[in-house]
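Asker: Handing you this structure, nothing more for now.
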Amino acid sequence: IISLPLVHISGMYGVTMCVIEGRQLALMERFDILAWAELVREHKPIFTGMPPTGLRMLLDAKVPKEHLASLRAFKVSTAPLDPALAEEFQAVYGIPVLQGYGATEFTGEVAGWTIQDYMAHAKDKRGSVGRAHRDVELRVVDPDGDEDVPAGEQGVLLVRSPHSAGMAAGEWVRTNDLARLDADEVDRITVGGSAGDVD
């Protein structure tokens with residue numbers, strides 16, 4: 001179900017993936033939360049998603065749980081996700097919320113949760129946006145320079161992705177996002193806030 005504008009990387013990516021994978025799609029001309037829920041009830045997808053405000057809208061509209069019964073997971077990206085909102089949504093609907101992180105300049109998502117990671121680590125990695133995708137590298141550096149900060153400490157996120165639009169091969173892209181990489185070996189990342197907030 002494509003609810004985002006096609007001029008947005010997430011909307012275009014959704015349509016492109018449906019074409020590549022030969023999947024049916026429902027394209028909304030204008031977004032309405034109740035109409036969206038009816039599409040889920042009618043077409044019964046097992047996986048879909050929206051920005052975090054969509055979770056809040058579903059909860060506020062008190063959409064019946066039965067409308068979303070086909071969903072095994074719900075992807076949330078395009079904006080920061082409050083962990084409390086994700087937990088409230090899961091408590092009401094029983095659907096895992098998988099957060100992702102990306103940007104237009106990376107041609108979409110560069111890190112995210114799988115359902116397997118969610119089942120294993122939802123509680124101990126609360127607030128994380130997941131692992132770097134295959135072929136994507138992440139670094140967290142001092143806001144005032146390019147020195148890596150120790151694992152677990154906050155700094156500015158740098159991303160190297162083979163899919164970065166308009167970037168030279170192998171080039172690190174400095175974001176304006178504050179982030180933290182886990183101290184363990186799995187490279188999960190938590191992103192929150194803007195580097196502009198750093199003194």
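Order determines the names: the first chain of the structure tokens is A, the second B, and so forth; residues in each chain are numbered 1 upward, and ligands are numbered 1 upward as they are shown.
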Identify all residues of segment 75-157 of chain A in alpha helix (DSSP H) (DSSP on the backbone) and supply them as a ChimeraX atom specification.

Answerer: /A:83-93,115-121

Asker: Take the selection from the previous step and output its residues with N, CA, C and O atoms, as a short mmCIF file (atom, residue, chain, number, x, y, z; two decimals), in the first residue's frame.

Answerer:
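result.cif written:
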data_model
loop_
_atom_site.label_atom_id
_atom_site.label_comp_id
_atom_site.auth_asym_id
_atom_site.auth_seq_id
_atom_site.Cartn_x
_atom_site.Cartn_y
_atom_site.Cartn_z
N PRO A 83 10.19 5.59 21.03
CA PRO A 83 10.01 4.18 21.41
C PRO A 83 8.71 3.93 22.16
O PRO A 83 8.10 2.87 22.01
N ALA A 84 8.25 4.91 22.95
CA ALA A 84 7.00 4.73 23.69
C ALA A 84 5.82 4.60 22.74
O ALA A 84 4.88 3.83 23.02
N LEU A 85 5.83 5.32 21.62
CA LEU A 85 4.76 5.21 20.64
C LEU A 85 4.74 3.82 20.01
O LEU A 85 3.68 3.20 19.85
N ALA A 86 5.92 3.32 19.65
CA ALA A 86 6.02 1.97 19.07
C ALA A 86 5.49 0.93 20.05
O ALA A 86 4.76 0.00 19.67
N GLU A 87 5.83 1.08 21.32
CA GLU A 87 5.38 0.12 22.33
C GLU A 87 3.87 0.21 22.56
O GLU A 87 3.20 -0.81 22.75
N GLU A 88 3.33 1.42 22.52
CA GLU A 88 1.88 1.59 22.66
C GLU A 88 1.16 0.92 21.49
O GLU A 88 0.16 0.22 21.68
N PHE A 89 1.67 1.12 20.29
CA PHE A 89 1.07 0.51 19.09
C PHE A 89 1.11 -1.01 19.19
O PHE A 89 0.11 -1.69 18.91
N GLN A 90 2.25 -1.56 19.60
CA GLN A 90 2.34 -3.01 19.70
C GLN A 90 1.43 -3.55 20.78
O GLN A 90 0.82 -4.62 20.63
N ALA A 91 1.27 -2.82 21.89
CA ALA A 91 0.39 -3.27 22.96
C ALA A 91 -1.06 -3.35 22.49
O ALA A 91 -1.80 -4.25 22.87
N VAL A 92 -1.47 -2.40 21.64
CA VAL A 92 -2.85 -2.37 21.15
C VAL A 92 -3.07 -3.38 20.03
O VAL A 92 -4.05 -4.12 20.03
N TYR A 93 -2.13 -3.43 19.06
CA TYR A 93 -2.36 -4.23 17.85
C TYR A 93 -1.57 -5.54 17.80
O TYR A 93 -1.85 -6.39 16.94
N ILE A 115 12.70 -8.74 11.35
CA ILE A 115 11.81 -9.32 12.35
C ILE A 115 12.59 -10.23 13.31
O ILE A 115 12.30 -10.29 14.51
N GLN A 116 13.63 -10.90 12.78
CA GLN A 116 14.45 -11.78 13.64
C GLN A 116 15.19 -10.96 14.70
O GLN A 116 15.23 -11.34 15.87
N ASP A 117 15.79 -9.84 14.29
CA ASP A 117 16.46 -8.98 15.27
C ASP A 117 15.48 -8.43 16.28
O ASP A 117 15.78 -8.30 17.47
N TYR A 118 14.30 -8.07 15.79
CA TYR A 118 13.29 -7.51 16.70
C TYR A 118 12.93 -8.52 17.78
O TYR A 118 12.86 -8.18 18.96
N MET A 119 12.67 -9.75 17.38
CA MET A 119 12.28 -10.77 18.35
C MET A 119 13.40 -11.02 19.38
O MET A 119 13.14 -11.27 20.54
N ALA A 120 14.64 -10.91 18.94
CA ALA A 120 15.76 -11.20 19.82
C ALA A 120 16.17 -10.00 20.68
O ALA A 120 16.67 -10.17 21.79
N HIS A 121 15.98 -8.77 20.16
CA HIS A 121 16.60 -7.62 20.81
C HIS A 121 15.71 -6.40 21.02
O HIS A 121 16.21 -5.32 21.33
#

Asker: Write out, as CSV, each residue of segment 53-81 of chain A that has an atom at most 12 Å from segment 3-10 of chain A, together with the closest pair of atoms and their distance in Å to one decimal, counting only C-alpha atoms, rows going by chain and rising number.

Answerer:
residue,atom,partner,partner_atom,distance
A:Gly54,CA,A:Ser3,CA,10.1
A:Lys75,CA,A:Ser10,CA,11.4
A:Val76,CA,A:Ser10,CA,10.8
A:Ser77,CA,A:Ser10,CA,8.7
A:Thr78,CA,A:Ser10,CA,7.7
A:Ala79,CA,A:Ser10,CA,11.5

Asker: Using the selection just defined, write its residues with N, CA, C and O atoms as a PDB file, in the first residue's frame.

Answerer:
ATOM      1  N   GLY A  54       1.753   7.990  11.383  1.00  0.00           N
ATOM      2  CA  GLY A  54       0.733   7.013  11.021  1.00  0.00           C
ATOM      3  C   GLY A  54       0.344   6.131  12.190  1.00  0.00           C
ATOM      4  O   GLY A  54      -0.837   5.780  12.361  1.00  0.00           O
ATOM      5  N   LYS A  75       6.627  -1.361   9.222  1.00  0.00           N
ATOM      6  CA  LYS A  75       7.871  -0.594   9.032  1.00  0.00           C
ATOM      7  C   LYS A  75       7.610   0.884   9.263  1.00  0.00           C
ATOM      8  O   LYS A  75       6.641   1.438   8.759  1.00  0.00           O
ATOM      9  N   VAL A  76       8.478   1.520  10.022  1.00  0.00           N
ATOM     10  CA  VAL A  76       8.375   2.955  10.289  1.00  0.00           C
ATOM     11  C   VAL A  76       9.703   3.608   9.930  1.00  0.00           C
ATOM     12  O   VAL A  76      10.764   3.176  10.372  1.00  0.00           O
ATOM     13  N   SER A  77       9.624   4.647   9.087  1.00  0.00           N
ATOM     14  CA  SER A  77      10.816   5.412   8.729  1.00  0.00           C
ATOM     15  C   SER A  77      10.393   6.800   8.291  1.00  0.00           C
ATOM     16  O   SER A  77       9.245   7.177   8.464  1.00  0.00           O
ATOM     17  N   THR A  78      11.297   7.557   7.748  1.00  0.00           N
ATOM     18  CA  THR A  78      11.159   8.934   7.246  1.00  0.00           C
ATOM     19  C   THR A  78      11.179   9.991   8.339  1.00  0.00           C
ATOM     20  O   THR A  78      11.299  11.173   8.026  1.00  0.00           O
ATOM     21  N   ALA A  79      11.078   9.601   9.608  1.00  0.00           N
ATOM     22  CA  ALA A  79      11.120  10.560  10.719  1.00  0.00           C
ATOM     23  C   ALA A  79      11.474   9.790  11.989  1.00  0.00           C
ATOM     24  O   ALA A  79      11.283   8.571  12.057  1.00  0.00           O
TER      25      ALA A  79
END

Asker: Can you work out the spacing between atom CA of Ala151 of chain A and atom CA of Ala179 of chain A in Å, to one decimal?

Answerer: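 Computed distance, atom CA of Ala151 of chain A to atom CA of Ala179 of chain A, equals 10.5 Å.
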
Asker: I want to know what sits within 9 Å of segment 110-112 of chain A, based on only C-alpha atoms, with residues of the same chain fewer than 5 positions away left out; could you give that as a PDB file with N, CA, C and O atoms, in the first residue's frame?

Answerer:
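Dumped to selection-v9.pdb:
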ATOM      1  N   SER A  77       9.624   4.647   9.087  1.00  0.00           N
ATOM      2  CA  SER A  77      10.816   5.412   8.729  1.00  0.00           C
ATOM      3  C   SER A  77      10.393   6.800   8.291  1.00  0.00           C
ATOM      4  O   SER A  77       9.245   7.177   8.464  1.00  0.00           O
ATOM      5  N   LEU A  98       9.066  -2.086  13.162  1.00  0.00           N
ATOM      6  CA  LEU A  98      10.457  -2.155  12.730  1.00  0.00           C
ATOM      7  C   LEU A  98      10.886  -0.790  12.217  1.00  0.00           C
ATOM      8  O   LEU A  98      10.420  -0.337  11.173  1.00  0.00           O
ATOM      9  N   GLN A  99      11.775  -0.147  12.958  1.00  0.00           N
ATOM     10  CA  GLN A  99      12.229   1.188  12.566  1.00  0.00           C
ATOM     11  C   GLN A  99      13.356   1.089  11.549  1.00  0.00           C
ATOM     12  O   GLN A  99      14.135   0.137  11.545  1.00  0.00           O
ATOM     13  N   GLY A 100      13.432   2.089  10.670  1.00  0.00           N
ATOM     14  CA  GLY A 100      14.523   2.169   9.705  1.00  0.00           C
ATOM     15  C   GLY A 100      15.088   3.574   9.669  1.00  0.00           C
ATOM     16  O   GLY A 100      14.469   4.524  10.157  1.00  0.00           O
ATOM     17  N   TYR A 101      16.284   3.698   9.106  1.00  0.00           N
ATOM     18  CA  TYR A 101      16.932   5.007   8.960  1.00  0.00           C
ATOM     19  C   TYR A 101      17.483   5.128   7.550  1.00  0.00           C
ATOM     20  O   TYR A 101      18.118   4.211   7.035  1.00  0.00           O
ATOM     21  N   GLY A 102      17.224   6.258   6.928  1.00  0.00           N
ATOM     22  CA  GLY A 102      17.750   6.506   5.596  1.00  0.00           C
ATOM     23  C   GLY A 102      17.572   7.958   5.223  1.00  0.00           C
ATOM     24  O   GLY A 102      17.194   8.785   6.048  1.00  0.00           O
ATOM     25  N   ALA A 103      17.854   8.257   3.973  1.00  0.00           N
ATOM     26  CA  ALA A 103      17.718   9.621   3.472  1.00  0.00           C
ATOM     27  C   ALA A 103      17.708   9.560   1.954  1.00  0.00           C
ATOM     28  O   ALA A 103      18.168   8.588   1.352  1.00  0.00           O
ATOM     29  N   SER A 128      16.836   1.791  19.027  1.00  0.00           N
ATOM     30  CA  SER A 128      17.766   1.616  17.912  1.00  0.00           C
ATOM     31  C   SER A 128      17.016   1.660  16.583  1.00  0.00           C
ATOM     32  O   SER A 128      15.845   1.286  16.510  1.00  0.00           O
ATOM     33  N   VAL A 129      17.699   2.130  15.529  1.00  0.00           N
ATOM     34  CA  VAL A 129      17.118   2.073  14.184  1.00  0.00           C
ATOM     35  C   VAL A 129      17.586   0.829  13.444  1.00  0.00           C
ATOM     36  O   VAL A 129      17.315   0.669  12.261  1.00  0.00           O
ATOM     37  N   GLY A 130      18.295  -0.073  14.131  1.00  0.00           N
ATOM     38  CA  GLY A 130      18.664  -1.355  13.539  1.00  0.00           C
ATOM     39  C   GLY A 130      20.098  -1.423  13.073  1.00  0.00           C
ATOM     40  O   GLY A 130      20.930  -0.589  13.417  1.00  0.00           O
ATOM     41  N   ARG A 131      20.361  -2.447  12.274  1.00  0.00           N
ATOM     42  CA  ARG A 131      21.705  -2.693  11.750  1.00  0.00           C
ATOM     43  C   ARG A 131      21.886  -2.017  10.400  1.00  0.00           C
ATOM     44  O   ARG A 131      20.928  -1.834   9.652  1.00  0.00           O
ATOM     45  N   ALA A 132      23.141  -1.742  10.084  1.00  0.00           N
ATOM     46  CA  ALA A 132      23.458  -1.263   8.736  1.00  0.00           C
ATOM     47  C   ALA A 132      23.095  -2.349   7.730  1.00  0.00           C
ATOM     48  O   ALA A 132      23.288  -3.539   7.978  1.00  0.00           O
ATOM     49  N   HIS A 133      22.533  -1.941   6.598  1.00  0.00           N
ATOM     50  CA  HIS A 133      22.233  -2.892   5.534  1.00  0.00           C
ATOM     51  C   HIS A 133      23.525  -3.389   4.894  1.00  0.00           C
ATOM     52  O   HIS A 133      24.588  -2.772   5.032  1.00  0.00           O
ATOM     53  N   ARG A 134      23.413  -4.488   4.177  1.00  0.00           N
ATOM     54  CA  ARG A 134      24.567  -5.068   3.497  1.00  0.00           C
ATOM     55  C   ARG A 134      25.212  -4.025   2.585  1.00  0.00           C
ATOM     56  O   ARG A 134      24.522  -3.264   1.904  1.00  0.00           O
ATOM     57  N   VAL A 136      26.648  -1.351   3.378  1.00  0.00           N
ATOM     58  CA  VAL A 136      26.607   0.001   3.957  1.00  0.00           C
ATOM     59  C   VAL A 136      27.540   0.027   5.161  1.00  0.00           C
ATOM     60  O   VAL A 136      27.544  -0.892   5.978  1.00  0.00           O
ATOM     61  N   GLU A 137      28.343   1.082   5.261  1.00  0.00           N
ATOM     62  CA  GLU A 137      29.238   1.259   6.403  1.00  0.00           C
ATOM     63  C   GLU A 137      28.816   2.509   7.172  1.00  0.00           C
ATOM     64  O   GLU A 137      28.406   3.505   6.569  1.00  0.00           O
ATOM     65  N   VAL A 159      27.992   8.017   6.706  1.00  0.00           N
ATOM     66  CA  VAL A 159      27.515   6.828   6.004  1.00  0.00           C
ATOM     67  C   VAL A 159      28.284   6.672   4.701  1.00  0.00           C
ATOM     68  O   VAL A 159      28.511   7.640   3.983  1.00  0.00           O
ATOM     69  N   SER A 161      27.740   4.325   1.369  1.00  0.00           N
ATOM     70  CA  SER A 161      26.825   3.387   0.740  1.00  0.00           C
ATOM     71  C   SER A 161      27.066   3.371  -0.766  1.00  0.00           C
ATOM     72  O   SER A 161      27.235   4.430  -1.375  1.00  0.00           O
ATOM     73  N   ARG A 188      24.563  -2.140  15.579  1.00  0.00           N
ATOM     74  CA  ARG A 188      23.252  -1.490  15.634  1.00  0.00           C
ATOM     75  C   ARG A 188      23.469  -0.030  15.959  1.00  0.00           C
ATOM     76  O   ARG A 188      24.395   0.347  16.662  1.00  0.00           O
ATOM     77  N   ILE A 189      22.578   0.784  15.452  1.00  0.00           N
ATOM     78  CA  ILE A 189      22.776   2.220  15.586  1.00  0.00           C
ATOM     79  C   ILE A 189      21.514   2.876  16.126  1.00  0.00           C
ATOM     80  O   ILE A 189      20.412   2.483  15.794  1.00  0.00           O
TER      81      ILE A 189
END

Asker: In terms of the shortest atom-to-atom distance over only C-alpha atoms, which of A:Arg160, A:Arg139, A:His67, A:His43 is closest to Arg23 of chain A?

Answerer: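 Of the candidates, the smallest distance to Arg23 of chain A is held by A:His43.
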
Asker: Run DSSP on the backbone of this structure and report the residues of segment 79-117 of chain A it assigns to strand (DSSP E), as JSON, numbers by chain.

Answerer: {"A": [97, 98, 99, 100, 101, 102, 103, 108, 109, 110, 111, 112]}

Asker: Provide the atom CA of Leu158 of chain A to atom CA of Val141 of chain A distance in Å, to one decimal place.

Answerer: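 Interatomic distance here is 7.4 Å.
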
Asker: For Asp60 of chain A, which residue out of A:Ile33, A:Ala122, A:Leu81, A:Ile20 is the nearest one, using only C-alpha atoms?

Answerer: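 Of A:Ile33, A:Ala122, A:Leu81, A:Ile20, the one nearest Asp60 of chain A, counting only C-alpha atoms, is A:Ile33.
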
Asker: Excluding Ile1 of chain A and its own-chain neighbours fewer than 3 positions away, which residues fall within 9 Å of it when counting only C-alpha atoms? Please give them as a PyMOL selection string.

Answerer: chain A and resi 14+24-28+36+39-40+43+45+48-49

Asker: Can you spit out the residues from that selection as a CSV table (one decimal), in the first residue's frame, using all heavy atoms?

Answerer:
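So the final result, stored in part36.csv, reads:
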chain,number,residue,atom,x,y,z
A,14,GLY,N,8.8,2.3,-2.9
A,14,GLY,CA,7.7,1.3,-2.7
A,14,GLY,C,7.2,0.8,-4.0
A,14,GLY,O,7.0,-0.4,-4.2
A,24,GLN,N,1.4,-6.9,-6.4
A,24,GLN,CA,0.3,-6.0,-6.6
A,24,GLN,C,0.6,-4.8,-5.6
A,24,GLN,O,1.2,-4.9,-4.6
A,24,GLN,CB,-1.0,-6.6,-6.2
A,24,GLN,CG,-1.4,-7.7,-7.2
A,24,GLN,CD,-2.7,-8.3,-6.8
A,24,GLN,OE1,-3.1,-8.3,-5.7
A,24,GLN,NE2,-3.4,-8.8,-7.8
A,25,LEU,N,0.0,-3.7,-6.0
A,25,LEU,CA,0.1,-2.5,-5.1
A,25,LEU,C,-1.2,-1.7,-5.1
A,25,LEU,O,-1.9,-1.8,-6.1
A,25,LEU,CB,1.3,-1.6,-5.5
A,25,LEU,CG,1.3,-0.8,-6.8
A,25,LEU,CD1,0.6,0.5,-6.7
A,25,LEU,CD2,2.7,-0.6,-7.3
A,26,ALA,N,-1.4,-1.1,-4.0
A,26,ALA,CA,-2.6,-0.1,-3.9
A,26,ALA,C,-2.0,1.2,-3.7
A,26,ALA,O,-1.3,1.5,-2.8
A,26,ALA,CB,-3.5,-0.5,-2.7
A,27,LEU,N,-2.3,2.1,-4.7
A,27,LEU,CA,-1.7,3.5,-4.7
A,27,LEU,C,-2.8,4.4,-4.2
A,27,LEU,O,-3.8,4.6,-4.9
A,27,LEU,CB,-1.2,3.8,-6.1
A,27,LEU,CG,-0.5,5.2,-6.2
A,27,LEU,CD1,0.7,5.3,-5.3
A,27,LEU,CD2,-0.1,5.4,-7.7
A,28,MET,N,-2.6,5.1,-3.1
A,28,MET,CA,-3.6,6.1,-2.6
A,28,MET,C,-3.4,7.4,-3.3
A,28,MET,O,-2.3,8.0,-3.3
A,28,MET,CB,-3.4,6.2,-1.1
A,28,MET,CG,-3.6,5.0,-0.3
A,28,MET,SD,-3.6,5.2,1.5
A,28,MET,CE,-5.2,6.0,1.7
A,36,TRP,N,-6.9,4.0,4.4
A,36,TRP,CA,-5.7,3.2,4.5
A,36,TRP,C,-6.0,1.9,5.2
A,36,TRP,O,-5.6,0.8,4.7
A,36,TRP,CB,-4.5,3.9,5.1
A,36,TRP,CG,-3.3,3.2,5.2
A,36,TRP,CD1,-2.2,3.2,4.3
A,36,TRP,CD2,-2.9,2.3,6.2
A,36,TRP,NE1,-1.2,2.3,4.7
A,36,TRP,CE2,-1.6,1.8,5.9
A,36,TRP,CE3,-3.4,1.9,7.4
A,36,TRP,CZ2,-0.9,0.9,6.7
A,36,TRP,CZ3,-2.8,0.9,8.2
A,36,TRP,CH2,-1.5,0.5,7.8
A,39,LEU,N,-7.9,-0.5,3.1
A,39,LEU,CA,-7.1,-1.2,2.1
A,39,LEU,C,-6.4,-2.3,2.8
A,39,LEU,O,-6.2,-3.4,2.1
A,39,LEU,CB,-6.1,-0.2,1.5
A,39,LEU,CG,-6.7,0.8,0.5
A,39,LEU,CD1,-5.7,1.9,0.1
A,39,LEU,CD2,-7.2,0.1,-0.8
A,40,VAL,N,-5.9,-2.2,4.0
A,40,VAL,CA,-5.2,-3.3,4.7
A,40,VAL,C,-6.2,-4.4,4.9
A,40,VAL,O,-5.9,-5.6,4.7
A,40,VAL,CB,-4.6,-2.8,6.0
A,40,VAL,CG1,-4.0,-4.0,6.8
A,40,VAL,CG2,-3.5,-1.8,5.7
A,43,HIS,N,-7.0,-6.0,1.3
A,43,HIS,CA,-5.9,-6.7,0.5
A,43,HIS,C,-5.1,-7.6,1.4
A,43,HIS,O,-4.3,-8.4,0.9
A,43,HIS,CB,-5.1,-5.7,-0.2
A,43,HIS,CG,-5.8,-4.9,-1.2
A,43,HIS,ND1,-6.2,-5.4,-2.4
A,43,HIS,CD2,-6.2,-3.6,-1.2
A,43,HIS,CE1,-6.8,-4.5,-3.1
A,43,HIS,NE2,-6.8,-3.4,-2.4
A,45,PRO,N,-2.2,-7.4,3.3
A,45,PRO,CA,-0.8,-7.5,3.2
A,45,PRO,C,-0.2,-8.1,4.5
A,45,PRO,O,-0.8,-7.9,5.6
A,45,PRO,CB,-0.3,-6.1,3.0
A,45,PRO,CG,-1.3,-5.3,3.6
A,45,PRO,CD,-2.6,-6.0,3.4
A,48,THR,N,3.7,-3.8,5.8
A,48,THR,CA,3.4,-2.4,5.3
A,48,THR,C,4.1,-1.4,6.2
A,48,THR,O,4.7,-1.8,7.2
A,48,THR,CB,1.9,-2.1,5.0
A,48,THR,OG1,1.8,-1.0,4.2
A,48,THR,CG2,1.2,-2.0,6.3
A,49,GLY,N,3.9,-0.1,5.9
A,49,GLY,CA,4.4,0.8,6.9
A,49,GLY,C,4.0,2.3,6.5
A,49,GLY,O,3.4,2.5,5.5

Asker: Can you tell me which residues surround Val15 of chain A at a distance of at most 8 Å, considering only C-alpha atoms, apart from same-chain residues fewer than 4 positions away, and format the answer as a list in words?

Answerer: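 These residues fall inside the cut-off: Ile2, Gly11, Val19 and Leu25 of chain A.
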